[in-house]
>>> print(open('coords-v2.csv').read())   # CSV, C-alpha atoms
chain,number,residue,atom,x,y,z
L,71,GLY,CA,21.6,3.5,1.5
L,72,GLU,CA,19.6,1.9,-1.3
L,73,ASN,CA,17.9,4.3,-3.7
L,74,VAL,CA,15.1,2.9,-6.0
L,75,GLU,CA,13.9,4.9,-9.0
L,76,GLN,CA,10.6,3.9,-10.7
L,77,HIS,CA,9.1,4.9,-14.0
L,78,PRO,CA,6.6,5.9,-15.2
L,79,SER,CA,4.8,7.7,-12.5
L,80,THR,CA,1.5,7.2,-14.3
L,81,LEU,CA,0.5,4.7,-16.9
L,82,SER,CA,-2.8,4.4,-18.7
L,83,VAL,CA,-3.6,1.4,-20.9
L,84,GLN,CA,-6.7,-0.1,-22.6
L,85,GLU,CA,-8.1,-3.2,-21.2
L,86,GLY,CA,-6.4,-6.2,-22.7
L,87,ASP,CA,-3.1,-4.4,-23.4
L,88,SER,CA,0.1,-5.0,-21.6
L,89,ALA,CA,1.6,-2.7,-19.0
L,90,VAL,CA,5.3,-2.4,-18.1
L,91,ILE,CA,6.8,-0.7,-15.1
L,92,LYS,CA,10.5,-0.3,-14.7
L,93,CYS,CA,12.7,0.3,-11.6
L,94,THR,CA,16.4,0.8,-11.0
L,95,TYR,CA,18.3,0.3,-7.8
L,96,SER,CA,21.6,1.7,-6.6
L,97,ASP,CA,23.1,-0.9,-4.2
L,98,SER,CA,24.6,-3.9,-6.0
L,99,ALA,CA,24.3,-5.8,-2.7
L,100,SER,CA,20.5,-5.8,-2.9
L,101,ASN,CA,19.2,-9.3,-3.6
L,102,TYR,CA,15.5,-9.2,-3.1
L,103,PHE,CA,13.0,-7.3,-5.3
L,104,PRO,CA,9.3,-7.4,-4.5
L,105,TRP,CA,6.4,-5.6,-6.2
L,106,TYR,CA,3.4,-4.3,-4.2
L,107,LYS,CA,0.0,-3.3,-5.4
L,108,GLN,CA,-1.8,-0.6,-3.4
L,109,GLU,CA,-5.5,0.1,-4.0
L,110,LEU,CA,-6.9,3.4,-2.9
L,111,GLY,CA,-7.0,3.7,0.9
L,112,LYS,CA,-5.7,0.2,1.4
L,113,ARG,CA,-2.5,-1.5,2.5
L,114,PRO,CA,0.3,-2.4,0.0
L,115,GLN,CA,0.0,-6.1,-0.9
L,116,LEU,CA,2.8,-8.3,-2.3
L,117,ILE,CA,2.0,-9.5,-5.8
L,118,ILE,CA,5.3,-11.0,-6.9
L,119,ASP,CA,8.9,-11.0,-5.9
L,120,ILE,CA,12.2,-12.1,-7.4
L,121,ARG,CA,15.6,-12.9,-5.9
L,122,SER,CA,18.9,-12.0,-7.4
L,123,ASN,CA,19.7,-15.5,-8.4
L,124,VAL,CA,16.8,-15.6,-10.8
L,125,GLY,CA,16.4,-13.6,-14.0
L,126,GLU,CA,12.6,-13.9,-14.5
L,127,LYS,CA,9.6,-15.1,-12.7
L,128,LYS,CA,6.0,-15.4,-13.9
L,129,ASP,CA,2.7,-15.9,-12.1
L,130,GLN,CA,-0.3,-16.0,-14.5
L,131,ARG,CA,-0.6,-12.6,-16.0
L,132,ILE,CA,2.2,-11.0,-14.0
L,133,ALA,CA,5.9,-11.4,-14.7
L,134,VAL,CA,9.0,-9.8,-13.3
L,135,THR,CA,12.4,-9.6,-14.9
L,136,LEU,CA,15.7,-8.7,-13.3
L,137,ASN,CA,19.0,-7.5,-14.9
L,138,LYS,CA,21.6,-7.6,-12.1
L,139,THR,CA,24.3,-6.1,-14.3
L,140,ALA,CA,22.3,-3.1,-15.2
L,141,LYS,CA,20.6,-3.0,-11.8
L,142,HIS,CA,17.1,-2.8,-13.1
L,143,PHE,CA,14.0,-4.8,-12.8
L,144,SER,CA,10.6,-4.6,-14.4
L,145,LEU,CA,7.0,-5.6,-13.8
L,146,HIS,CA,5.0,-6.9,-16.8
L,147,ILE,CA,1.2,-7.3,-16.6
L,148,THR,CA,-0.4,-8.9,-19.7
L,149,GLU,CA,-4.1,-8.9,-20.7
L,150,THR,CA,-4.8,-6.0,-18.3
L,151,GLN,CA,-8.2,-5.8,-16.6
L,152,PRO,CA,-9.9,-2.8,-14.9
L,153,GLU,CA,-9.3,-4.4,-11.5
L,154,ASP,CA,-5.5,-4.1,-12.2
L,155,SER,CA,-6.0,-0.3,-11.7
L,156,ALA,CA,-3.9,0.6,-8.6
L,157,VAL,CA,-0.6,2.1,-7.6
L,158,TYR,CA,2.3,-0.3,-8.0
L,159,PHE,CA,5.5,0.0,-6.0
L,160,CYS,CA,8.7,-1.7,-6.6
L,161,ALA,CA,11.2,-2.3,-3.8
L,162,ALA,CA,14.7,-3.5,-3.2
L,163,SER,CA,16.5,-4.9,-0.1
L,164,MET,CA,19.2,-7.1,1.2
L,165,HIS,CA,18.0,-10.0,3.2
L,166,ASN,CA,17.0,-8.8,6.7
L,167,ASN,CA,17.7,-5.2,6.0
L,168,ASP,CA,15.4,-2.2,5.4
L,169,MET,CA,13.3,-2.4,2.2
L,170,ARG,CA,13.3,0.8,0.1
L,171,PHE,CA,10.4,1.5,-2.2
L,172,GLY,CA,10.2,3.3,-5.5
L,173,ALA,CA,7.9,6.3,-5.8
L,174,GLY,CA,5.0,4.3,-7.3
L,175,THR,CA,3.2,4.0,-10.6
L,176,ARG,CA,-0.4,4.8,-10.9
L,177,LEU,CA,-1.8,2.3,-13.4
L,178,THR,CA,-5.2,3.0,-15.0
L,179,VAL,CA,-6.8,0.3,-17.1
L,180,LYS,CA,-9.6,1.8,-19.3
L,181,PRO,CA,-12.5,-0.6,-20.1
S,165,GLU,CA,-5.2,-16.0,6.7
S,166,PRO,CA,-3.3,-14.3,9.5
S,167,GLU,CA,-3.0,-10.5,9.2
S,168,VAL,CA,-1.0,-7.7,10.7
S,169,THR,CA,-3.4,-5.6,12.8
S,170,GLN,CA,-3.0,-1.9,13.7
S,171,THR,CA,-4.9,0.3,16.1
S,172,PRO,CA,-6.2,2.9,16.0
S,173,SER,CA,-7.2,3.2,12.3
S,174,HIS,CA,-7.3,7.0,12.7
S,175,GLN,CA,-5.6,9.2,15.2
S,176,VAL,CA,-6.0,13.0,15.5
S,177,THR,CA,-3.6,14.8,17.8
S,178,GLN,CA,-2.5,18.3,18.6
S,179,MET,CA,1.0,19.4,17.6
S,180,GLY,CA,3.5,18.7,20.4
S,181,GLN,CA,1.5,15.8,21.8
S,182,GLU,CA,2.8,12.3,22.1
S,183,VAL,CA,1.1,9.5,20.2
S,184,ILE,CA,1.6,5.7,20.3
S,185,LEU,CA,0.6,3.6,17.3
S,186,ARG,CA,0.0,0.0,18.0
S,187,CYS,CA,0.6,-3.1,15.9
S,188,VAL,CA,0.2,-6.8,16.3
S,189,PRO,CA,2.4,-8.6,13.9
S,190,ILE,CA,1.7,-12.0,12.5
S,191,SER,CA,2.4,-14.4,15.3
S,192,ASN,CA,5.3,-16.5,13.9
S,193,HIS,CA,7.0,-13.5,12.3
S,194,LEU,CA,10.4,-12.4,13.6
S,195,TYR,CA,11.0,-9.1,11.8
S,196,PHE,CA,9.0,-6.0,12.4
S,197,TYR,CA,8.9,-2.7,10.5
S,198,TRP,CA,7.3,0.7,10.5
S,199,TYR,CA,6.8,2.6,7.3
S,200,ARG,CA,4.9,5.8,6.6
S,201,GLN,CA,3.2,7.2,3.5
S,202,ILE,CA,2.3,10.8,3.1
S,203,LEU,CA,-0.8,11.2,1.0
S,204,GLY,CA,-0.1,10.4,-2.6
S,205,GLN,CA,3.6,9.7,-2.1
S,206,LYS,CA,5.7,6.7,-1.7
S,207,VAL,CA,6.0,4.3,1.1
S,208,GLU,CA,9.0,5.4,3.3
S,209,PHE,CA,11.0,3.2,5.5
S,210,LEU,CA,11.3,4.3,9.2
S,211,VAL,CA,12.7,1.4,11.2
S,212,SER,CA,13.2,-2.3,11.3
S,213,PHE,CA,13.3,-4.4,14.5
S,214,TYR,CA,14.6,-7.9,15.1
S,215,ASN,CA,15.6,-9.8,18.2
S,216,ASN,CA,14.3,-7.1,20.5
S,217,GLU,CA,16.4,-4.3,19.0
S,218,ILE,CA,16.4,-1.9,16.1
S,219,SER,CA,18.3,-3.4,13.2
S,220,GLU,CA,18.0,-0.5,10.8
S,221,LYS,CA,16.6,3.0,10.8
S,222,SER,CA,16.2,5.7,8.3
S,223,GLU,CA,17.0,9.4,8.4
S,224,ILE,CA,13.4,10.1,9.2
S,225,PHE,CA,13.5,8.1,12.4
S,226,ASP,CA,15.0,10.8,14.6
S,227,ASP,CA,15.1,11.2,18.4
S,228,GLN,CA,11.3,12.0,18.4
S,229,PHE,CA,10.6,8.4,17.4
S,230,SER,CA,10.9,5.2,19.3
S,231,VAL,CA,9.8,1.6,19.0
S,232,GLU,CA,9.0,-1.0,21.5
S,233,ARG,CA,7.9,-4.6,21.7
S,234,PRO,CA,6.5,-4.5,25.2
S,235,ASP,CA,5.3,-8.1,25.2
S,236,GLY,CA,5.2,-11.1,23.0
S,237,SER,CA,2.6,-9.8,20.6
S,238,ASN,CA,2.6,-6.0,20.4
S,239,PHE,CA,4.9,-3.7,18.5
S,240,THR,CA,4.5,0.1,19.0
S,241,LEU,CA,5.7,3.3,17.5
S,242,LYS,CA,5.9,6.3,19.7
S,243,ILE,CA,6.2,9.9,18.4
S,244,ARG,CA,7.2,12.0,21.4
S,245,SER,CA,6.3,15.5,20.3
S,246,THR,CA,4.3,15.4,17.1
S,247,LYS,CA,4.8,18.0,14.3
S,248,LEU,CA,2.5,18.9,11.5
S,249,GLU,CA,4.7,17.1,9.0
S,250,ASP,CA,4.3,13.9,10.9
S,251,SER,CA,0.8,13.7,9.4
S,252,ALA,CA,0.8,10.5,7.3
S,253,MET,CA,-0.5,7.0,7.1
S,254,TYR,CA,1.7,4.8,9.2
S,255,PHE,CA,2.0,1.1,8.2
S,256,CYS,CA,3.3,-1.6,10.4
S,257,ALA,CA,4.7,-4.7,8.6
S,258,SER,CA,6.1,-8.0,9.6
S,259,SER,CA,8.1,-10.7,8.0
S,260,ARG,CA,9.0,-14.2,8.9
S,261,GLY,CA,12.4,-14.3,7.3
S,262,GLY,CA,13.2,-10.7,6.5
S,263,GLU,CA,11.9,-10.7,3.0
S,264,LYS,CA,8.2,-11.0,2.2
S,265,LEU,CA,6.6,-8.1,4.1
S,266,PHE,CA,3.0,-8.2,5.2
S,267,PHE,CA,1.5,-4.8,5.9
S,268,GLY,CA,-1.1,-3.8,8.3
S,269,SER,CA,-4.1,-1.7,7.3
S,270,GLY,CA,-2.4,1.4,8.6
S,271,THR,CA,-3.0,4.2,11.1
S,272,GLN,CA,-3.9,7.6,9.6
S,273,LEU,CA,-2.3,10.2,11.8
S,274,SER,CA,-3.5,13.8,11.6
S,275,VAL,CA,-1.5,16.4,13.5
S,276,LEU,CA,-3.4,19.7,13.9
>>> encode(input="coords-v2.csv", output="structure tokens")
Amino acid sequence: GENVEQHPSTLSVQEGDSAVIKCTYSDSASNYFPWYKQELGKRPQLIIDIRSNVGEKKDQRIAVTLNKTAKHFSLHITETQPEDSAVYFCAASMHNNDMRFGAGTRLTVKP
Amino acid sequence: EPEVTQTPSHQVTQMGQEVILRCVPISNHLYFYWYRQILGQKVEFLVSFYNNEISEKSEIFDDQFSVERPDGSNFTLKIRSTKLEDSAMYFCASSRGGEKLFFGSGTQLSVL
């Protein structure tokens, strides 16, 4: 089955700096790559996703890039704010199949 | 905005007891999932359900687990004989087309 690796496990940045979280996946058939944000004690919430026919996608301060050849994808958050502090999970799946998550990155944005 | 709802929010049970966790997926969604998250760890896939049958299950989803869609709105996870290591937050999720998953707020299961 799919195996998703995520790095780093913790990330601390100053407010206004950029944060980058990286993931790799094992199954070349995976074609859908979402990112979820989970605040303490709450449900994971989808923040951005990308499909394998696209190399990059941006939504305001958040962007995701995908390198299919290398089987890795990254989340970029620019101009970080304290409310960006949370655990971020990447995931990978084939359409309609089980979605596997990375181990998570705890992002702390210091004011 | 429609949400996935889960009940109860907390469940405490004795080891060896059966528990049923309940979920109401978003009404026009066709794919349903259970995930669990042990405190401080990653979200782990348990099972996916489509067209009234299990479509995928993980190695965690052994014979002690079962899922059911007893009517047109509910989706349940049953753990037949709970073990201490079943203690976790259990998230239900649903999806319209098998991609964007929307998670419920979770049921915190504590097995004593």
>>> closest_atom_pairs(input="coords-v2.csv", of="region 71-150 of chain L", to="region 158-178 of chain L", cutoff="7 Å", atoms="all atoms listed in the file", output="tab-separated table")
residue	atom	partner	partner_atom	distance
L:Glu72	CA	L:Arg170	CA	6.5
L:Asn73	CA	L:Arg170	CA	6.9
L:Val74	CA	L:Gly172	CA	4.9
L:Glu75	CA	L:Gly172	CA	5.3
L:Gln76	CA	L:Gly172	CA	5.2
L:His77	CA	L:Thr175	CA	6.9
L:Pro78	CA	L:Thr175	CA	6.0
L:Ser79	CA	L:Thr175	CA	4.5
L:Thr80	CA	L:Arg176	CA	4.6
L:Leu81	CA	L:Leu177	CA	4.8
L:Ser82	CA	L:Thr178	CA	4.6
L:Val83	CA	L:Thr178	CA	6.3
L:Cys93	CA	L:Cys160	CA	6.7
L:Tyr95	CA	L:Ala162	CA	7.0
L:Ala99	CA	L:Met164	CA	6.6
L:Ser100	CA	L:Met164	CA	4.5
L:Asn101	CA	L:Met164	CA	5.3
L:Tyr102	CA	L:Ser163	CA	5.3
L:Phe103	CA	L:Ala162	CA	4.7
L:Pro104	CA	L:Ala161	CA	5.5
L:Trp105	CA	L:Cys160	CA	4.5
L:Tyr106	CA	L:Phe159	CA	5.1
L:Lys107	CA	L:Tyr158	CA	4.6
L:Gln108	CA	L:Tyr158	CA	6.2
>>> closest_atom_pairs(input="coords-v2.csv", of="chain S", to="chain L", cutoff="8 Å", atoms="only C-alpha atoms", output="CSV")
residue,atom,partner,partner_atom,distance
S:Tyr195,CA,L:Asn166,CA,7.9
S:Gln205,CA,L:Ala173,CA,6.6
S:Lys206,CA,L:Ala173,CA,4.7
S:Val207,CA,L:Phe171,CA,6.2
S:Glu208,CA,L:Phe171,CA,6.9
S:Phe209,CA,L:Arg170,CA,6.3
S:Val211,CA,L:Asp168,CA,7.3
S:Ser212,CA,L:Asp168,CA,6.3
S:Ser219,CA,L:Asn167,CA,7.4
S:Glu220,CA,L:Asp168,CA,6.2
S:Lys221,CA,L:Asp168,CA,7.6
S:Phe255,CA,L:Arg113,CA,7.7
S:Gly261,CA,L:Asn166,CA,7.2
S:Gly262,CA,L:Asn166,CA,4.3
S:Glu263,CA,L:His165,CA,6.1
S:Lys264,CA,L:Leu116,CA,7.5
S:Leu265,CA,L:Leu116,CA,7.4
S:Phe266,CA,L:Gln115,CA,7.1
S:Phe267,CA,L:Arg113,CA,6.2
S:Gly268,CA,L:Arg113,CA,6.4
S:Ser269,CA,L:Arg113,CA,5.1
S:Gly270,CA,L:Arg113,CA,6.8
>>> atom_distance(input="coords-v2.csv", atom1="CA of Leu136 (chain L)", atom2="CA of Glu149 (chain L)")
21.1 Å
>>> atom_distance(input="coords-v2.csv", atom1="CA of Ala140 (chain L)", atom2="CA of Lys92 (chain L)")
12.1 Å
>>> closest_residue(input="coords-v2.csv", among="S:Asn238, S:Ser274, S:Gln201, S:Ser191", to="Gln170 (chain S)", atoms="all atoms listed in the file")
S:Asn238
>>> closest_residue(input="coords-v2.csv", among="L:Ser96, L:Ala89, L:Glu109, L:Val179", to="Arg131 (chain L)", atoms="all atoms listed in the file")
L:Ala89
>>> atom_distance(input="coords-v2.csv", atom1="CA of Leu276 (chain S)", atom2="CA of Ala252 (chain S)")
12.1 Å
>>> residues_around(input="coords-v2.csv", residues="Thr177 (chain S)", least_positions_apart="2", cutoff="9 Å", atoms="only C-alpha atoms", output="ChimeraX atom specification")
/S:175,179-183,246,273-276
>>> closest_residue(input="coords-v2.csv", among="S:Leu185, S:Leu203, S:Ile190, S:Ile224", to="Val168 (chain S)", atoms="all atoms listed in the file")
S:Ile190
>>> residues_around(input="coords-v2.csv", residues="Gly236 (chain S)", least_positions_apart="3", cutoff="10 Å", atoms="only C-alpha atoms", output="ChimeraX atom specification")
/S:188-189,191,233,239
>>> write_last_selection(input="coords-v2.csv", atoms="C-alpha atoms", output="short mmCIF file (atom, residue, chain, number, x, y, z; two decimals), in the frame of the given file")
data_model
loop_
_atom_site.label_atom_id
_atom_site.label_comp_id
_atom_site.auth_asym_id
_atom_site.auth_seq_id
_atom_site.Cartn_x
_atom_site.Cartn_y
_atom_site.Cartn_z
CA VAL S 188 0.20 -6.80 16.30
CA PRO S 189 2.40 -8.60 13.90
CA SER S 191 2.40 -14.40 15.30
CA ARG S 233 7.90 -4.60 21.70
CA PHE S 239 4.90 -3.70 18.50
#
>>> residues_around(input="coords-v2.csv", residues="Val231 (chain S)", least_positions_apart="5", cutoff="10 Å", atoms="only C-alpha atoms", output="PyMOL selection string")
chain S and resi 184-186+197-198+211-213+216-218+225+239-243
>>> residues_around(input="coords-v2.csv", residues="Lys180 (chain L)", least_positions_apart="6", cutoff="7 Å", atoms="all atoms listed in the file", output="list in words")
Val83, Gln84, Glu85 and Pro152 of chain L
>>> decode(input="coords-v2.csv", residues="region 166-179 of chain S", atoms="all heavy atoms", output="compact mmCIF listing (two decimals), in the first residue's frame")
# COMPACT_ATOMS: atom_id res chain seq x y z
N PRO S 166 -22.70 22.26 5.28
CA PRO S 166 -22.95 20.92 5.83
C PRO S 166 -21.69 20.35 6.46
O PRO S 166 -20.58 20.62 6.01
CB PRO S 166 -23.38 20.11 4.61
CG PRO S 166 -23.06 20.92 3.43
CD PRO S 166 -22.89 22.33 3.83
N GLU S 167 -21.91 19.56 7.51
CA GLU S 167 -20.80 18.96 8.23
C GLU S 167 -21.05 17.49 8.46
O GLU S 167 -22.20 17.04 8.53
CB GLU S 167 -20.63 19.63 9.60
CG GLU S 167 -19.97 20.99 9.58
CD GLU S 167 -19.61 21.45 10.99
OE1 GLU S 167 -20.16 20.91 11.97
OE2 GLU S 167 -18.78 22.36 11.10
N VAL S 168 -19.97 16.75 8.65
CA VAL S 168 -20.05 15.37 9.13
C VAL S 168 -20.23 15.43 10.64
O VAL S 168 -19.47 16.15 11.33
CB VAL S 168 -18.77 14.59 8.77
CG1 VAL S 168 -18.83 13.18 9.34
CG2 VAL S 168 -18.57 14.58 7.26
N THR S 169 -21.22 14.74 11.16
CA THR S 169 -21.44 14.76 12.61
C THR S 169 -21.18 13.38 13.19
O THR S 169 -21.46 12.35 12.55
CB THR S 169 -22.86 15.21 12.96
OG1 THR S 169 -23.80 14.34 12.31
CG2 THR S 169 -23.11 16.63 12.49
N GLN S 170 -20.60 13.37 14.38
CA GLN S 170 -20.27 12.13 15.05
C GLN S 170 -20.80 12.15 16.48
O GLN S 170 -20.75 13.17 17.17
CB GLN S 170 -18.75 11.93 15.11
CG GLN S 170 -18.13 11.58 13.78
CD GLN S 170 -16.66 11.26 13.92
OE1 GLN S 170 -15.80 11.95 13.36
NE2 GLN S 170 -16.33 10.20 14.64
N THR S 171 -21.28 10.99 16.90
CA THR S 171 -21.71 10.83 18.29
C THR S 171 -21.25 9.47 18.81
O THR S 171 -21.15 8.50 18.04
CB THR S 171 -23.25 10.91 18.42
OG1 THR S 171 -23.83 9.95 17.53
CG2 THR S 171 -23.75 12.31 18.10
N PRO S 172 -20.95 9.35 20.11
CA PRO S 172 -20.80 10.47 21.04
C PRO S 172 -19.47 11.18 20.82
O PRO S 172 -18.63 10.70 20.06
CB PRO S 172 -20.83 9.76 22.39
CG PRO S 172 -20.19 8.44 22.12
CD PRO S 172 -20.61 8.05 20.72
N SER S 173 -19.25 12.29 21.48
CA SER S 173 -17.96 12.97 21.39
C SER S 173 -16.91 12.27 22.25
O SER S 173 -15.73 12.28 21.92
CB SER S 173 -18.08 14.44 21.79
OG SER S 173 -18.62 14.55 23.10
N HIS S 174 -17.36 11.66 23.33
CA HIS S 174 -16.48 10.89 24.20
C HIS S 174 -17.17 9.58 24.56
O HIS S 174 -18.38 9.54 24.79
CB HIS S 174 -16.15 11.64 25.49
CG HIS S 174 -15.33 12.87 25.29
ND1 HIS S 174 -15.89 14.08 24.95
CD2 HIS S 174 -13.99 13.06 25.37
CE1 HIS S 174 -14.93 14.97 24.82
NE2 HIS S 174 -13.77 14.39 25.08
N GLN S 175 -16.39 8.51 24.60
CA GLN S 175 -16.91 7.21 24.97
C GLN S 175 -15.88 6.53 25.87
O GLN S 175 -14.73 6.38 25.47
CB GLN S 175 -17.17 6.37 23.73
CG GLN S 175 -17.61 4.94 24.00
CD GLN S 175 -19.11 4.82 24.15
OE1 GLN S 175 -19.88 5.30 23.33
NE2 GLN S 175 -19.52 4.15 25.20
N VAL S 176 -16.33 6.14 27.05
CA VAL S 176 -15.47 5.40 27.95
C VAL S 176 -16.04 4.00 28.09
O VAL S 176 -17.25 3.84 28.29
CB VAL S 176 -15.38 6.08 29.34
CG1 VAL S 176 -14.45 5.28 30.25
CG2 VAL S 176 -14.88 7.51 29.21
N THR S 177 -15.20 3.00 27.97
CA THR S 177 -15.68 1.63 28.03
C THR S 177 -14.67 0.75 28.74
O THR S 177 -13.49 1.10 28.86
CB THR S 177 -15.97 1.09 26.62
OG1 THR S 177 -16.65 -0.16 26.72
CG2 THR S 177 -14.68 0.89 25.84
N GLN S 178 -15.14 -0.37 29.19
CA GLN S 178 -14.26 -1.34 29.82
C GLN S 178 -13.68 -2.26 28.75
O GLN S 178 -14.36 -2.60 27.75
CB GLN S 178 -15.03 -2.17 30.85
CG GLN S 178 -15.53 -1.38 32.03
CD GLN S 178 -14.41 -0.93 32.95
OE1 GLN S 178 -13.42 -1.65 33.13
NE2 GLN S 178 -14.55 0.24 33.52
N MET S 179 -12.46 -2.70 28.96
CA MET S 179 -11.81 -3.65 28.06
C MET S 179 -12.72 -4.86 27.86
O MET S 179 -13.30 -5.38 28.82
CB MET S 179 -10.48 -4.07 28.66
CG MET S 179 -9.58 -4.84 27.76
SD MET S 179 -7.92 -5.02 28.46
CE MET S 179 -8.26 -5.80 30.02
